[in-house]
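*Asks:* Please find one structure pasted underneath; my questions will follow.
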Amino acid sequence: MSENEEDIHVIEAVGRSKIIIKNGNVAEVSVSRLRQCPLAKKFALPVNEITPEAVKANIEHRIHSWGMCRPHRKISSTVDFVGFGASELISSGILSGTLDAAVLASDGAGTVIVTTPEMVQGIGGRMSGLVSTSPIKEEMDRIEKEGGFVLDRAHATVDPVLGVARAYKKGFSRVAVTVASAETATAIRDQFPETFIFGVHMSGITEADAEQIVGVADIVTACASKWIWQIAGARALLQAGTAVPVFALTKRGRQLILDKIARSDRPVLVSGSKLPVYGTELPDPLL
């Protein structure tokens, strides 16, 4: 990034609030479409009622505690932030050998190709809803030094389709990718049919987009999407969680979740049921 370029990062988080971070400071927070979310209540700095003030405090905590959008950002972790999140499941898949690379979006680097479970969790477990970002040289250097690949060092472009193409070109054959749009997921499935597709950041998508992404993804997160709950829930082979669950839509998606359970020491309830199963506390409202 040149001296004349601004350091700007745009993310959507905590109930799809739009957050703009400039030069390491929260410059703007929009009003969330959600009033509350069970997952947000479990953040390191909990957000019990989703207001712009609470969201800003949470994002500032992320900046100060692990360096989000800053040169010293932590890129590795061995801690599960949620039981069945995308990064947790992909990390488990790489650890078991089911997957050999993950295409993710990282603040400060854009689309990256990651090959270790620790970096998958460090990058993906801490970031959701990255819209755009500015390149941070120090972070990109660390990612590449520790075995990852940055798609576009000059601009930190977020482009999952190109990231998947680059992963296969580099010789990886069991590639997972996180996607936040039905159009992107379909493009990847059409061009690279063997890719493991994980739909994330689904709150507020349309019924048509929900139909489309459910038709091509292996796993999708319900988030606060009423359409994902209804459409994916009815077609899922497995549901993990009841408050903000993930739905496995393919046999290999189901197996990835089961493998994660097998590797864990946490107690798990397994019960046959018609899906979806709604928990007692859900995101409010479902969009």
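Naming scheme: A, B, ... for chains in displayed order of the structure tokens; residues 1 onward per chain; ligands 1 onward as shown.
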Could you pull the residues within 10 Å of range 265-269 of chain A, counting only C-alpha atoms, minus those fewer than 2 positions along the same chain, as an MDAnalysis selection string?

*Replies:* chainID A and resid 83 240 261:263 271

*Asks:* Using only C-alpha atoms, which protein or nucleic acid residues come within 9 Å of range 26-33 of chain A? Drop anything in the same chain fewer than 4 positions from it, and give the result as a list in words.

*Replies:*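 Listing them by chain and then by number gives Ala13, Val14, Gly15, Arg16, Ser17, Lys18, Ile19, Ile20, Ile21, Lys22, Ile50, Thr51, Pro52, Glu53, Val55, Lys56, Ile59, Glu60, Gly204, Asp284, Pro285 and Leu287 of chain A.
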
*Asks:* With N, CA, C and O atoms retained, write the just-selected residues as an mmCIF file, in the first residue's frame.

*Replies:*
```cif
data_model
loop_
_atom_site.group_PDB
_atom_site.id
_atom_site.type_symbol
_atom_site.label_atom_id
_atom_site.label_comp_id
_atom_site.auth_asym_id
_atom_site.auth_seq_id
_atom_site.Cartn_x
_atom_site.Cartn_y
_atom_site.Cartn_z
ATOM 1 N N ALA A 13 -20.687 -7.700 10.066
ATOM 2 C CA ALA A 13 -20.605 -8.592 11.224
ATOM 3 C C ALA A 13 -21.673 -8.214 12.234
ATOM 4 O O ALA A 13 -22.301 -7.153 12.134
ATOM 5 N N VAL A 14 -21.864 -9.090 13.205
ATOM 6 C CA VAL A 14 -22.783 -8.852 14.325
ATOM 7 C C VAL A 14 -24.145 -8.397 13.806
ATOM 8 O O VAL A 14 -24.540 -7.248 13.940
ATOM 9 N N GLY A 15 -24.862 -9.333 13.181
ATOM 10 C CA GLY A 15 -26.181 -8.995 12.669
ATOM 11 C C GLY A 15 -26.150 -8.223 11.377
ATOM 12 O O GLY A 15 -27.037 -7.438 11.082
ATOM 13 N N ARG A 16 -25.095 -8.433 10.595
ATOM 14 C CA ARG A 16 -24.909 -7.792 9.298
ATOM 15 C C ARG A 16 -24.791 -6.279 9.403
ATOM 16 O O ARG A 16 -25.169 -5.535 8.496
ATOM 17 N N SER A 17 -24.261 -5.805 10.510
ATOM 18 C CA SER A 17 -23.904 -4.400 10.605
ATOM 19 C C SER A 17 -22.758 -4.127 9.645
ATOM 20 O O SER A 17 -21.802 -4.900 9.579
ATOM 21 N N LYS A 18 -22.824 -3.041 8.910
ATOM 22 C CA LYS A 18 -21.706 -2.645 8.042
ATOM 23 C C LYS A 18 -20.744 -1.809 8.865
ATOM 24 O O LYS A 18 -21.120 -0.798 9.460
ATOM 25 N N ILE A 19 -19.492 -2.227 8.884
ATOM 26 C CA ILE A 19 -18.481 -1.581 9.716
ATOM 27 C C ILE A 19 -17.319 -1.145 8.837
ATOM 28 O O ILE A 19 -16.812 -1.951 8.042
ATOM 29 N N ILE A 20 -16.918 0.088 8.957
ATOM 30 C CA ILE A 20 -15.773 0.610 8.208
ATOM 31 C C ILE A 20 -14.665 0.943 9.198
ATOM 32 O O ILE A 20 -14.882 1.693 10.160
ATOM 33 N N ILE A 21 -13.507 0.364 8.968
ATOM 34 C CA ILE A 21 -12.345 0.595 9.820
ATOM 35 C C ILE A 21 -11.302 1.341 8.996
ATOM 36 O O ILE A 21 -10.903 0.885 7.924
ATOM 37 N N LYS A 22 -10.889 2.492 9.484
ATOM 38 C CA LYS A 22 -9.880 3.300 8.791
ATOM 39 C C LYS A 22 -8.678 3.499 9.704
ATOM 40 O O LYS A 22 -8.822 3.944 10.846
ATOM 41 N N ILE A 50 -27.927 -5.869 20.080
ATOM 42 C CA ILE A 50 -27.130 -5.404 18.946
ATOM 43 C C ILE A 50 -27.478 -3.959 18.619
ATOM 44 O O ILE A 50 -28.483 -3.672 17.953
ATOM 45 N N THR A 51 -26.659 -3.065 19.098
ATOM 46 C CA THR A 51 -26.774 -1.635 18.810
ATOM 47 C C THR A 51 -25.465 -1.176 18.178
ATOM 48 O O THR A 51 -24.431 -1.842 18.333
ATOM 49 N N PRO A 52 -25.471 -0.046 17.459
ATOM 50 C CA PRO A 52 -24.215 0.446 16.885
ATOM 51 C C PRO A 52 -23.122 0.646 17.932
ATOM 52 O O PRO A 52 -21.944 0.361 17.677
ATOM 53 N N GLU A 53 -23.503 1.075 19.117
ATOM 54 C CA GLU A 53 -22.523 1.296 20.175
ATOM 55 C C GLU A 53 -21.898 -0.023 20.638
ATOM 56 O O GLU A 53 -20.676 -0.123 20.826
ATOM 57 N N VAL A 55 -21.796 -2.857 18.893
ATOM 58 C CA VAL A 55 -21.013 -3.406 17.788
ATOM 59 C C VAL A 55 -19.658 -2.713 17.702
ATOM 60 O O VAL A 55 -18.619 -3.363 17.530
ATOM 61 N N LYS A 56 -19.650 -1.399 17.839
ATOM 62 C CA LYS A 56 -18.387 -0.668 17.792
ATOM 63 C C LYS A 56 -17.451 -1.132 18.899
ATOM 64 O O LYS A 56 -16.254 -1.360 18.662
ATOM 65 N N ILE A 59 -15.985 -4.549 17.952
ATOM 66 C CA ILE A 59 -14.960 -4.466 16.901
ATOM 67 C C ILE A 59 -13.682 -3.841 17.451
ATOM 68 O O ILE A 59 -12.567 -4.280 17.126
ATOM 69 N N GLU A 60 -13.813 -2.826 18.292
ATOM 70 C CA GLU A 60 -12.623 -2.231 18.913
ATOM 71 C C GLU A 60 -11.896 -3.257 19.774
ATOM 72 O O GLU A 60 -10.651 -3.273 19.810
ATOM 73 N N GLY A 204 -30.172 -12.664 5.669
ATOM 74 C CA GLY A 204 -30.776 -11.678 4.781
ATOM 75 C C GLY A 204 -30.777 -12.023 3.309
ATOM 76 O O GLY A 204 -31.234 -11.213 2.495
ATOM 77 N N ASP A 284 -32.762 -12.958 16.345
ATOM 78 C CA ASP A 284 -34.023 -12.217 16.334
ATOM 79 C C ASP A 284 -33.849 -10.906 15.593
ATOM 80 O O ASP A 284 -33.062 -10.047 16.017
ATOM 81 N N PRO A 285 -34.574 -10.730 14.470
ATOM 82 C CA PRO A 285 -35.471 -11.689 13.821
ATOM 83 C C PRO A 285 -34.712 -12.564 12.814
ATOM 84 O O PRO A 285 -33.565 -12.274 12.501
ATOM 85 N N LEU A 287 -34.230 -13.303 9.105
ATOM 86 C CA LEU A 287 -34.413 -12.377 7.967
ATOM 87 C C LEU A 287 -34.722 -13.124 6.671
ATOM 88 O O LEU A 287 -34.142 -14.142 6.397
#
```

*Asks:* Using only C-alpha atoms, determine which residues lie at most 8 Å from Val220 in chain A, disregarding the query and same-chain residues fewer than 4 positions distant; provide the list as JSON, numbers by chain.

*Replies:* {"A": [198, 199, 200, 214, 228, 232, 246, 247, 248, 249]}

*Asks:* Using only C-alpha atoms, which protein or nucleic acid residues come within 7 Å of range 149-156 of chain A? Drop anything in the same chain fewer than 4 positions from it, and give the result as a short mmCIF file (atom, residue, chain, number, x, y, z; two decimals) with all heavy atoms, in the first residue's frame.

*Replies:*
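Once everything was written out, this is out_13.cif:
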```
data_model
loop_
_atom_site.label_atom_id
_atom_site.label_comp_id
_atom_site.auth_asym_id
_atom_site.auth_seq_id
_atom_site.Cartn_x
_atom_site.Cartn_y
_atom_site.Cartn_z
N MET A 1 0.84 -1.19 0.00
CA MET A 1 0.00 0.00 0.00
C MET A 1 0.88 1.24 0.00
O MET A 1 1.79 1.38 0.81
CB MET A 1 -0.91 0.01 1.22
CG MET A 1 -1.91 1.13 1.23
SD MET A 1 -3.19 0.87 2.49
CE MET A 1 -2.19 0.71 3.96
N GLY A 108 -6.67 -7.44 5.61
CA GLY A 108 -5.25 -7.13 5.40
C GLY A 108 -4.58 -7.93 4.32
O GLY A 108 -3.44 -7.64 3.95
N ALA A 109 -5.27 -8.95 3.78
CA ALA A 109 -4.65 -9.79 2.75
C ALA A 109 -5.61 -10.16 1.62
O ALA A 109 -5.17 -10.55 0.55
CB ALA A 109 -4.09 -11.07 3.38
N GLY A 110 -6.92 -10.05 1.85
CA GLY A 110 -7.88 -10.46 0.84
C GLY A 110 -7.97 -11.96 0.76
O GLY A 110 -7.81 -12.67 1.76
N THR A 111 -8.18 -12.50 -0.42
CA THR A 111 -8.29 -13.94 -0.59
C THR A 111 -6.93 -14.60 -0.40
O THR A 111 -5.93 -14.17 -0.99
CB THR A 111 -8.86 -14.30 -1.98
OG1 THR A 111 -10.23 -13.85 -2.03
CG2 THR A 111 -8.82 -15.78 -2.24
N VAL A 112 -6.90 -15.64 0.43
CA VAL A 112 -5.67 -16.36 0.71
C VAL A 112 -5.91 -17.86 0.57
O VAL A 112 -7.04 -18.33 0.69
CB VAL A 112 -5.13 -16.05 2.14
CG1 VAL A 112 -4.75 -14.59 2.26
CG2 VAL A 112 -6.17 -16.41 3.20
N ILE A 113 -4.83 -18.59 0.31
CA ILE A 113 -4.86 -20.05 0.29
C ILE A 113 -4.06 -20.52 1.49
O ILE A 113 -2.89 -20.15 1.66
CB ILE A 113 -4.24 -20.60 -1.01
CG1 ILE A 113 -4.97 -20.03 -2.23
CG2 ILE A 113 -4.30 -22.13 -1.02
CD1 ILE A 113 -4.24 -20.27 -3.54
N VAL A 114 -4.70 -21.31 2.34
CA VAL A 114 -4.12 -21.71 3.61
C VAL A 114 -4.03 -23.23 3.65
O VAL A 114 -4.93 -23.93 3.20
CB VAL A 114 -4.97 -21.18 4.78
CG1 VAL A 114 -4.43 -21.64 6.11
CG2 VAL A 114 -5.04 -19.66 4.73
N THR A 133 -10.86 -4.95 1.68
CA THR A 133 -9.78 -4.71 2.63
C THR A 133 -8.61 -4.05 1.93
O THR A 133 -8.51 -4.07 0.70
CB THR A 133 -9.35 -6.03 3.30
OG1 THR A 133 -8.48 -5.77 4.39
CG2 THR A 133 -8.68 -6.98 2.32
N SER A 134 -7.73 -3.46 2.70
CA SER A 134 -6.49 -2.88 2.18
C SER A 134 -5.33 -3.80 2.51
O SER A 134 -5.33 -4.45 3.56
CB SER A 134 -6.25 -1.50 2.82
OG SER A 134 -7.23 -0.57 2.43
N PRO A 135 -4.34 -3.88 1.62
CA PRO A 135 -3.20 -4.77 1.89
C PRO A 135 -2.36 -4.28 3.06
O PRO A 135 -2.06 -3.09 3.17
CB PRO A 135 -2.41 -4.72 0.58
CG PRO A 135 -2.80 -3.44 -0.07
CD PRO A 135 -4.22 -3.18 0.33
N MET A 140 0.69 -10.02 5.29
CA MET A 140 0.86 -10.87 4.12
C MET A 140 2.20 -11.60 4.16
O MET A 140 2.29 -12.77 3.78
CB MET A 140 0.71 -10.03 2.84
CG MET A 140 -0.68 -9.47 2.64
SD MET A 140 -0.93 -8.65 1.04
CE MET A 140 0.17 -7.22 1.23
N ILE A 143 1.81 -14.53 6.54
CA ILE A 143 1.01 -15.60 5.95
C ILE A 143 1.86 -16.43 5.00
O ILE A 143 1.85 -17.67 5.04
CB ILE A 143 -0.22 -15.01 5.21
CG1 ILE A 143 -1.23 -14.46 6.22
CG2 ILE A 143 -0.88 -16.07 4.32
CD1 ILE A 143 -2.37 -13.69 5.60
N GLU A 144 2.63 -15.77 4.16
CA GLU A 144 3.43 -16.50 3.18
C GLU A 144 4.63 -17.17 3.82
O GLU A 144 5.02 -18.28 3.42
CB GLU A 144 3.84 -15.55 2.06
CG GLU A 144 2.63 -15.05 1.27
CD GLU A 144 2.97 -14.33 0.00
OE1 GLU A 144 4.06 -13.71 -0.07
OE2 GLU A 144 2.15 -14.38 -0.95
N GLY A 163 -9.31 -17.51 -6.32
CA GLY A 163 -8.54 -18.18 -5.28
C GLY A 163 -8.58 -19.68 -5.43
O GLY A 163 -7.56 -20.37 -5.29
#
```

*Asks:* Name all residues at most 9 Å from Phe81 in chain A (count only C-alpha atoms; drop same-chain ones fewer than 4 positions away) and give them as a PyMOL selection string.

*Replies:* chain A and resi 43+85+88+121+125-126

*Asks:* Using all heavy atoms, can you export the residues from the last selection as a PDB file, in the first residue's frame?

*Replies:*
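Wrote out-v5.pdb, looks like this:
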```pdb
ATOM      1  N   PHE A  43     -19.475 -13.946  22.238  1.00  0.00           N
ATOM      2  CA  PHE A  43     -18.216 -13.343  21.796  1.00  0.00           C
ATOM      3  C   PHE A  43     -17.315 -13.074  22.997  1.00  0.00           C
ATOM      4  O   PHE A  43     -17.784 -12.995  24.143  1.00  0.00           O
ATOM      5  CB  PHE A  43     -18.468 -12.025  21.067  1.00  0.00           C
ATOM      6  CG  PHE A  43     -19.077 -12.173  19.699  1.00  0.00           C
ATOM      7  CD1 PHE A  43     -19.697 -11.086  19.096  1.00  0.00           C
ATOM      8  CD2 PHE A  43     -19.029 -13.377  19.003  1.00  0.00           C
ATOM      9  CE1 PHE A  43     -20.248 -11.186  17.832  1.00  0.00           C
ATOM     10  CE2 PHE A  43     -19.588 -13.496  17.738  1.00  0.00           C
ATOM     11  CZ  PHE A  43     -20.198 -12.394  17.150  1.00  0.00           C
ATOM     12  N   GLY A  85     -18.265 -24.177  13.375  1.00  0.00           N
ATOM     13  CA  GLY A  85     -18.074 -23.093  12.430  1.00  0.00           C
ATOM     14  C   GLY A  85     -17.311 -23.558  11.201  1.00  0.00           C
ATOM     15  O   GLY A  85     -16.710 -24.643  11.180  1.00  0.00           O
ATOM     16  N   GLU A  88     -13.593 -24.096  11.961  1.00  0.00           N
ATOM     17  CA  GLU A  88     -13.396 -25.268  12.811  1.00  0.00           C
ATOM     18  C   GLU A  88     -13.518 -26.565  12.007  1.00  0.00           C
ATOM     19  O   GLU A  88     -12.719 -27.496  12.169  1.00  0.00           O
ATOM     20  CB  GLU A  88     -14.408 -25.266  13.960  1.00  0.00           C
ATOM     21  CG  GLU A  88     -14.113 -24.280  15.075  1.00  0.00           C
ATOM     22  CD  GLU A  88     -14.535 -22.844  14.748  1.00  0.00           C
ATOM     23  OE1 GLU A  88     -15.159 -22.635  13.678  1.00  0.00           O
ATOM     24  OE2 GLU A  88     -14.249 -21.943  15.541  1.00  0.00           O
ATOM     25  N   GLN A 121      -7.840 -21.607  11.264  1.00  0.00           N
ATOM     26  CA  GLN A 121      -8.578 -21.155  12.442  1.00  0.00           C
ATOM     27  C   GLN A 121      -8.199 -19.728  12.817  1.00  0.00           C
ATOM     28  O   GLN A 121      -9.063 -18.938  13.202  1.00  0.00           O
ATOM     29  CB  GLN A 121      -8.322 -22.113  13.614  1.00  0.00           C
ATOM     30  CG  GLN A 121      -9.161 -21.844  14.844  1.00  0.00           C
ATOM     31  CD  GLN A 121     -10.651 -22.004  14.604  1.00  0.00           C
ATOM     32  OE1 GLN A 121     -11.084 -22.419  13.531  1.00  0.00           O
ATOM     33  NE2 GLN A 121     -11.450 -21.663  15.578  1.00  0.00           N
ATOM     34  N   GLY A 125     -11.486 -18.186  11.723  1.00  0.00           N
ATOM     35  CA  GLY A 125     -12.261 -18.174  12.952  1.00  0.00           C
ATOM     36  C   GLY A 125     -12.493 -16.794  13.514  1.00  0.00           C
ATOM     37  O   GLY A 125     -13.407 -16.580  14.306  1.00  0.00           O
ATOM     38  N   ARG A 126     -11.663 -15.855  13.092  1.00  0.00           N
ATOM     39  CA  ARG A 126     -11.761 -14.498  13.632  1.00  0.00           C
ATOM     40  C   ARG A 126     -12.409 -13.512  12.663  1.00  0.00           C
ATOM     41  O   ARG A 126     -12.625 -12.360  13.006  1.00  0.00           O
ATOM     42  CB  ARG A 126     -10.358 -13.985  13.983  1.00  0.00           C
ATOM     43  CG  ARG A 126      -9.635 -14.797  15.057  1.00  0.00           C
ATOM     44  CD  ARG A 126      -8.261 -14.226  15.317  1.00  0.00           C
ATOM     45  NE  ARG A 126      -7.497 -14.991  16.295  1.00  0.00           N
ATOM     46  CZ  ARG A 126      -7.552 -14.830  17.598  1.00  0.00           C
ATOM     47  NH1 ARG A 126      -8.387 -13.947  18.105  1.00  0.00           N
ATOM     48  NH2 ARG A 126      -6.803 -15.548  18.402  1.00  0.00           N
TER      49      ARG A 126
END
```

*Asks:* Enumerate, as a PyMOL selection string, the complete set of residues in range 196-228 of chain A that a backbone-based DSSP assignment places in strand (DSSP E).

*Replies:* chain A and resi 196-199+219-221

*Asks:* Excluding same-chain residues fewer than 4 positions from range 181-197 of chain A, what lies within 8 Å of it counting only C-alpha atoms, as a list in words?

*Replies:*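 Listing them by chain and then by number gives Pro160, Val161, Val164, Ala165, Arg174, Val175, Ala176, Val177, Met202, Asp209, Ala210, Gln212, Ile213, Val216, Ala217, Asp218 and Ile219 of chain A.
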
*Asks:* For the residues in the current selection, export all heavy atoms as a short mmCIF file (atom, residue, chain, number, x, y, z; two decimals), in the first residue's frame.

*Replies:*
```
data_model
loop_
_atom_site.label_atom_id
_atom_site.label_comp_id
_atom_site.auth_asym_id
_atom_site.auth_seq_id
_atom_site.Cartn_x
_atom_site.Cartn_y
_atom_site.Cartn_z
N PRO A 160 -13.03 -15.32 -4.37
CA PRO A 160 -12.96 -16.75 -4.07
C PRO A 160 -12.80 -17.62 -5.32
O PRO A 160 -12.13 -18.66 -5.27
CB PRO A 160 -14.30 -17.03 -3.38
CG PRO A 160 -14.77 -15.71 -2.88
CD PRO A 160 -14.27 -14.71 -3.86
N VAL A 161 -13.42 -17.24 -6.43
CA VAL A 161 -13.33 -18.05 -7.65
C VAL A 161 -11.88 -18.10 -8.13
O VAL A 161 -11.35 -19.18 -8.43
CB VAL A 161 -14.24 -17.48 -8.76
CG1 VAL A 161 -14.13 -18.35 -10.02
CG2 VAL A 161 -15.69 -17.41 -8.29
N VAL A 164 -9.76 -20.23 -5.75
CA VAL A 164 -9.88 -21.67 -5.96
C VAL A 164 -9.08 -22.08 -7.19
O VAL A 164 -8.37 -23.10 -7.19
CB VAL A 164 -11.36 -22.08 -6.11
CG1 VAL A 164 -11.49 -23.52 -6.59
CG2 VAL A 164 -12.09 -21.90 -4.78
N ALA A 165 -9.17 -21.30 -8.27
CA ALA A 165 -8.40 -21.60 -9.48
C ALA A 165 -6.91 -21.64 -9.16
O ALA A 165 -6.18 -22.54 -9.63
CB ALA A 165 -8.69 -20.56 -10.56
N ARG A 174 -7.71 -31.24 -2.91
CA ARG A 174 -8.85 -31.36 -1.99
C ARG A 174 -9.08 -29.98 -1.35
O ARG A 174 -8.69 -29.72 -0.21
CB ARG A 174 -8.57 -32.44 -0.93
CG ARG A 174 -8.30 -33.80 -1.54
CD ARG A 174 -8.04 -34.89 -0.51
NE ARG A 174 -6.91 -34.58 0.37
CZ ARG A 174 -5.64 -34.76 0.05
NH1 ARG A 174 -5.31 -35.22 -1.15
NH2 ARG A 174 -4.68 -34.49 0.91
N VAL A 175 -9.70 -29.11 -2.12
CA VAL A 175 -9.79 -27.69 -1.78
C VAL A 175 -11.15 -27.34 -1.21
O VAL A 175 -12.19 -27.71 -1.76
CB VAL A 175 -9.51 -26.82 -3.03
CG1 VAL A 175 -9.63 -25.34 -2.70
CG2 VAL A 175 -8.13 -27.14 -3.62
N ALA A 176 -11.14 -26.62 -0.10
CA ALA A 176 -12.37 -26.07 0.48
C ALA A 176 -12.37 -24.56 0.31
O ALA A 176 -11.32 -23.93 0.28
CB ALA A 176 -12.46 -26.43 1.97
N VAL A 177 -13.56 -24.00 0.21
CA VAL A 177 -13.68 -22.54 0.07
C VAL A 177 -14.91 -22.07 0.83
O VAL A 177 -15.93 -22.75 0.88
CB VAL A 177 -13.77 -22.13 -1.42
CG1 VAL A 177 -15.01 -22.73 -2.08
CG2 VAL A 177 -13.75 -20.61 -1.57
N MET A 202 -25.01 -15.91 5.67
CA MET A 202 -26.24 -16.07 4.91
C MET A 202 -27.39 -15.17 5.35
O MET A 202 -28.43 -15.14 4.69
CB MET A 202 -26.71 -17.54 5.01
CG MET A 202 -25.76 -18.56 4.39
SD MET A 202 -25.79 -18.58 2.58
CE MET A 202 -24.32 -17.62 2.20
N ASP A 209 -31.79 -16.93 -3.87
CA ASP A 209 -30.37 -17.16 -3.60
C ASP A 209 -30.18 -18.34 -2.65
O ASP A 209 -29.22 -19.11 -2.78
CB ASP A 209 -29.71 -15.91 -3.03
CG ASP A 209 -29.37 -14.89 -4.10
OD1 ASP A 209 -29.49 -15.23 -5.30
OD2 ASP A 209 -28.98 -13.76 -3.75
N ALA A 210 -31.08 -18.48 -1.70
CA ALA A 210 -31.01 -19.61 -0.78
C ALA A 210 -31.19 -20.92 -1.54
O ALA A 210 -30.45 -21.89 -1.34
CB ALA A 210 -32.05 -19.48 0.32
N GLN A 212 -30.50 -21.42 -4.63
CA GLN A 212 -29.34 -21.62 -5.49
C GLN A 212 -28.14 -22.15 -4.71
O GLN A 212 -27.49 -23.10 -5.12
CB GLN A 212 -28.98 -20.29 -6.18
CG GLN A 212 -27.86 -20.42 -7.21
CD GLN A 212 -27.60 -19.10 -7.93
OE1 GLN A 212 -28.34 -18.13 -7.78
NE2 GLN A 212 -26.54 -19.06 -8.71
N ILE A 213 -27.85 -21.54 -3.57
CA ILE A 213 -26.67 -21.97 -2.83
C ILE A 213 -26.87 -23.33 -2.18
O ILE A 213 -25.94 -24.13 -2.10
CB ILE A 213 -26.23 -20.91 -1.79
CG1 ILE A 213 -24.76 -21.17 -1.40
CG2 ILE A 213 -27.12 -20.89 -0.57
CD1 ILE A 213 -24.10 -20.00 -0.70
N VAL A 216 -25.83 -26.11 -4.50
CA VAL A 216 -24.42 -26.35 -4.90
C VAL A 216 -23.46 -26.50 -3.72
O VAL A 216 -22.35 -26.98 -3.91
CB VAL A 216 -23.91 -25.22 -5.83
CG1 VAL A 216 -24.70 -25.19 -7.12
CG2 VAL A 216 -23.96 -23.86 -5.13
N ALA A 217 -23.86 -26.11 -2.53
CA ALA A 217 -22.95 -26.15 -1.38
C ALA A 217 -22.94 -27.52 -0.73
O ALA A 217 -23.88 -28.30 -0.84
CB ALA A 217 -23.34 -25.09 -0.36
N ASP A 218 -21.84 -27.81 -0.02
CA ASP A 218 -21.75 -29.02 0.79
C ASP A 218 -22.28 -28.78 2.20
O ASP A 218 -22.93 -29.65 2.78
CB ASP A 218 -20.29 -29.48 0.87
CG ASP A 218 -19.78 -29.98 -0.47
OD1 ASP A 218 -20.10 -31.11 -0.84
OD2 ASP A 218 -19.07 -29.20 -1.16
N ILE A 219 -21.97 -27.61 2.74
CA ILE A 219 -22.44 -27.20 4.06
C ILE A 219 -22.81 -25.73 3.99
O ILE A 219 -22.13 -24.94 3.32
CB ILE A 219 -21.36 -27.41 5.15
CG1 ILE A 219 -21.03 -28.90 5.32
CG2 ILE A 219 -21.79 -26.82 6.49
CD1 ILE A 219 -19.93 -29.17 6.34
#
```

*Asks:* Within 12 Å of Gly67 in chain A, counting only C-alpha atoms, which residues qualify if same-chain residues fewer than 5 places away don't, as a PyMOL selection string?

*Replies:* chain A and resi 23-25+59-62+72-75+107-108+122-123+126-127+136+138-139

*Asks:* Write to file, as a compact mmCIF listing (two decimals), in the first residue's frame, the residues of the selection just made, with N, CA, C and O atoms.

*Replies:*
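Ended up saving to out18.txt:
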```
# COMPACT_ATOMS: atom_id res chain seq x y z
N ASN A 23 -7.52 3.14 9.19
CA ASN A 23 -6.27 3.34 9.93
C ASN A 23 -6.34 2.79 11.35
O ASN A 23 -5.87 3.40 12.30
N GLY A 24 -6.97 1.62 11.47
CA GLY A 24 -7.01 0.94 12.76
C GLY A 24 -8.08 1.41 13.71
O GLY A 24 -8.14 0.95 14.85
N ASN A 25 -8.96 2.29 13.26
CA ASN A 25 -10.03 2.81 14.11
C ASN A 25 -11.39 2.59 13.45
O ASN A 25 -11.52 2.66 12.23
N ILE A 59 -15.99 -4.55 17.95
CA ILE A 59 -14.96 -4.47 16.90
C ILE A 59 -13.68 -3.84 17.45
O ILE A 59 -12.57 -4.28 17.13
N GLU A 60 -13.81 -2.83 18.29
CA GLU A 60 -12.62 -2.23 18.91
C GLU A 60 -11.90 -3.26 19.77
O GLU A 60 -10.65 -3.27 19.81
N HIS A 61 -12.65 -4.12 20.44
CA HIS A 61 -12.03 -5.19 21.23
C HIS A 61 -11.25 -6.14 20.32
O HIS A 61 -10.14 -6.57 20.67
N ARG A 62 -11.79 -6.46 19.16
CA ARG A 62 -11.08 -7.32 18.21
C ARG A 62 -9.78 -6.66 17.73
O ARG A 62 -8.75 -7.32 17.60
N HIS A 72 -0.04 -6.21 13.16
CA HIS A 72 0.32 -7.27 14.09
C HIS A 72 -0.78 -8.32 14.24
O HIS A 72 -0.76 -9.11 15.18
N ARG A 73 -1.73 -8.38 13.31
CA ARG A 73 -2.85 -9.31 13.40
C ARG A 73 -2.37 -10.75 13.63
O ARG A 73 -1.45 -11.24 12.99
N LYS A 74 -3.02 -11.44 14.56
CA LYS A 74 -2.72 -12.85 14.81
C LYS A 74 -3.32 -13.69 13.69
O LYS A 74 -4.49 -13.52 13.35
N ILE A 75 -2.52 -14.57 13.12
CA ILE A 75 -3.00 -15.36 11.99
C ILE A 75 -3.10 -16.85 12.30
O ILE A 75 -3.53 -17.63 11.44
N ASP A 107 -8.82 -10.07 6.46
CA ASP A 107 -8.55 -8.65 6.53
C ASP A 107 -7.05 -8.44 6.38
O ASP A 107 -6.25 -9.18 6.93
N GLY A 108 -6.67 -7.44 5.61
CA GLY A 108 -5.25 -7.13 5.40
C GLY A 108 -4.58 -7.93 4.32
O GLY A 108 -3.44 -7.64 3.95
N GLY A 122 -6.93 -19.39 12.71
CA GLY A 122 -6.50 -18.04 13.07
C GLY A 122 -7.07 -16.98 12.17
O GLY A 122 -7.43 -15.88 12.62
N ILE A 123 -7.18 -17.28 10.88
CA ILE A 123 -7.72 -16.32 9.93
C ILE A 123 -9.24 -16.42 9.87
O ILE A 123 -9.97 -15.46 10.09
N ARG A 126 -11.66 -15.85 13.09
CA ARG A 126 -11.76 -14.50 13.63
C ARG A 126 -12.41 -13.51 12.66
O ARG A 126 -12.63 -12.36 13.01
N MET A 127 -12.68 -13.94 11.43
CA MET A 127 -13.18 -13.00 10.42
C MET A 127 -14.47 -13.51 9.79
O MET A 127 -14.56 -14.67 9.40
N ILE A 136 -1.98 -5.22 3.92
CA ILE A 136 -1.08 -4.93 5.03
C ILE A 136 0.14 -5.82 4.84
O ILE A 136 0.07 -7.04 5.00
N GLU A 138 2.97 -6.45 6.40
CA GLU A 138 3.49 -7.28 7.48
C GLU A 138 2.67 -8.56 7.64
O GLU A 138 3.22 -9.64 7.86
N GLU A 139 1.36 -8.42 7.54
CA GLU A 139 0.50 -9.60 7.69
C GLU A 139 0.67 -10.55 6.51
O GLU A 139 0.79 -11.77 6.70
```

*Asks:* May I ask which of the residues A:Ser106, A:Thr280, A:Ser92, A:Ser87 is the closest one to Arg70 in chain A, counting only C-alpha atoms?

*Replies:*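 Using only C-alpha atoms, Arg70 in chain A sits closest to A:Ser106.
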
*Asks:* Please return, as JSON, numbers by chain, all residues of range 67-169 of chain A that DSSP assigns to helix (DSSP H, G or I) on the basis of the backbone.

*Replies:* {"A": [86, 87, 88, 89, 90, 91, 92, 93, 94, 95, 96, 117, 118, 119, 120, 121, 122, 123, 124, 137, 138, 139, 140, 141, 142, 143, 144, 145, 160, 161, 162, 163, 164, 165, 166, 167, 168, 169]}
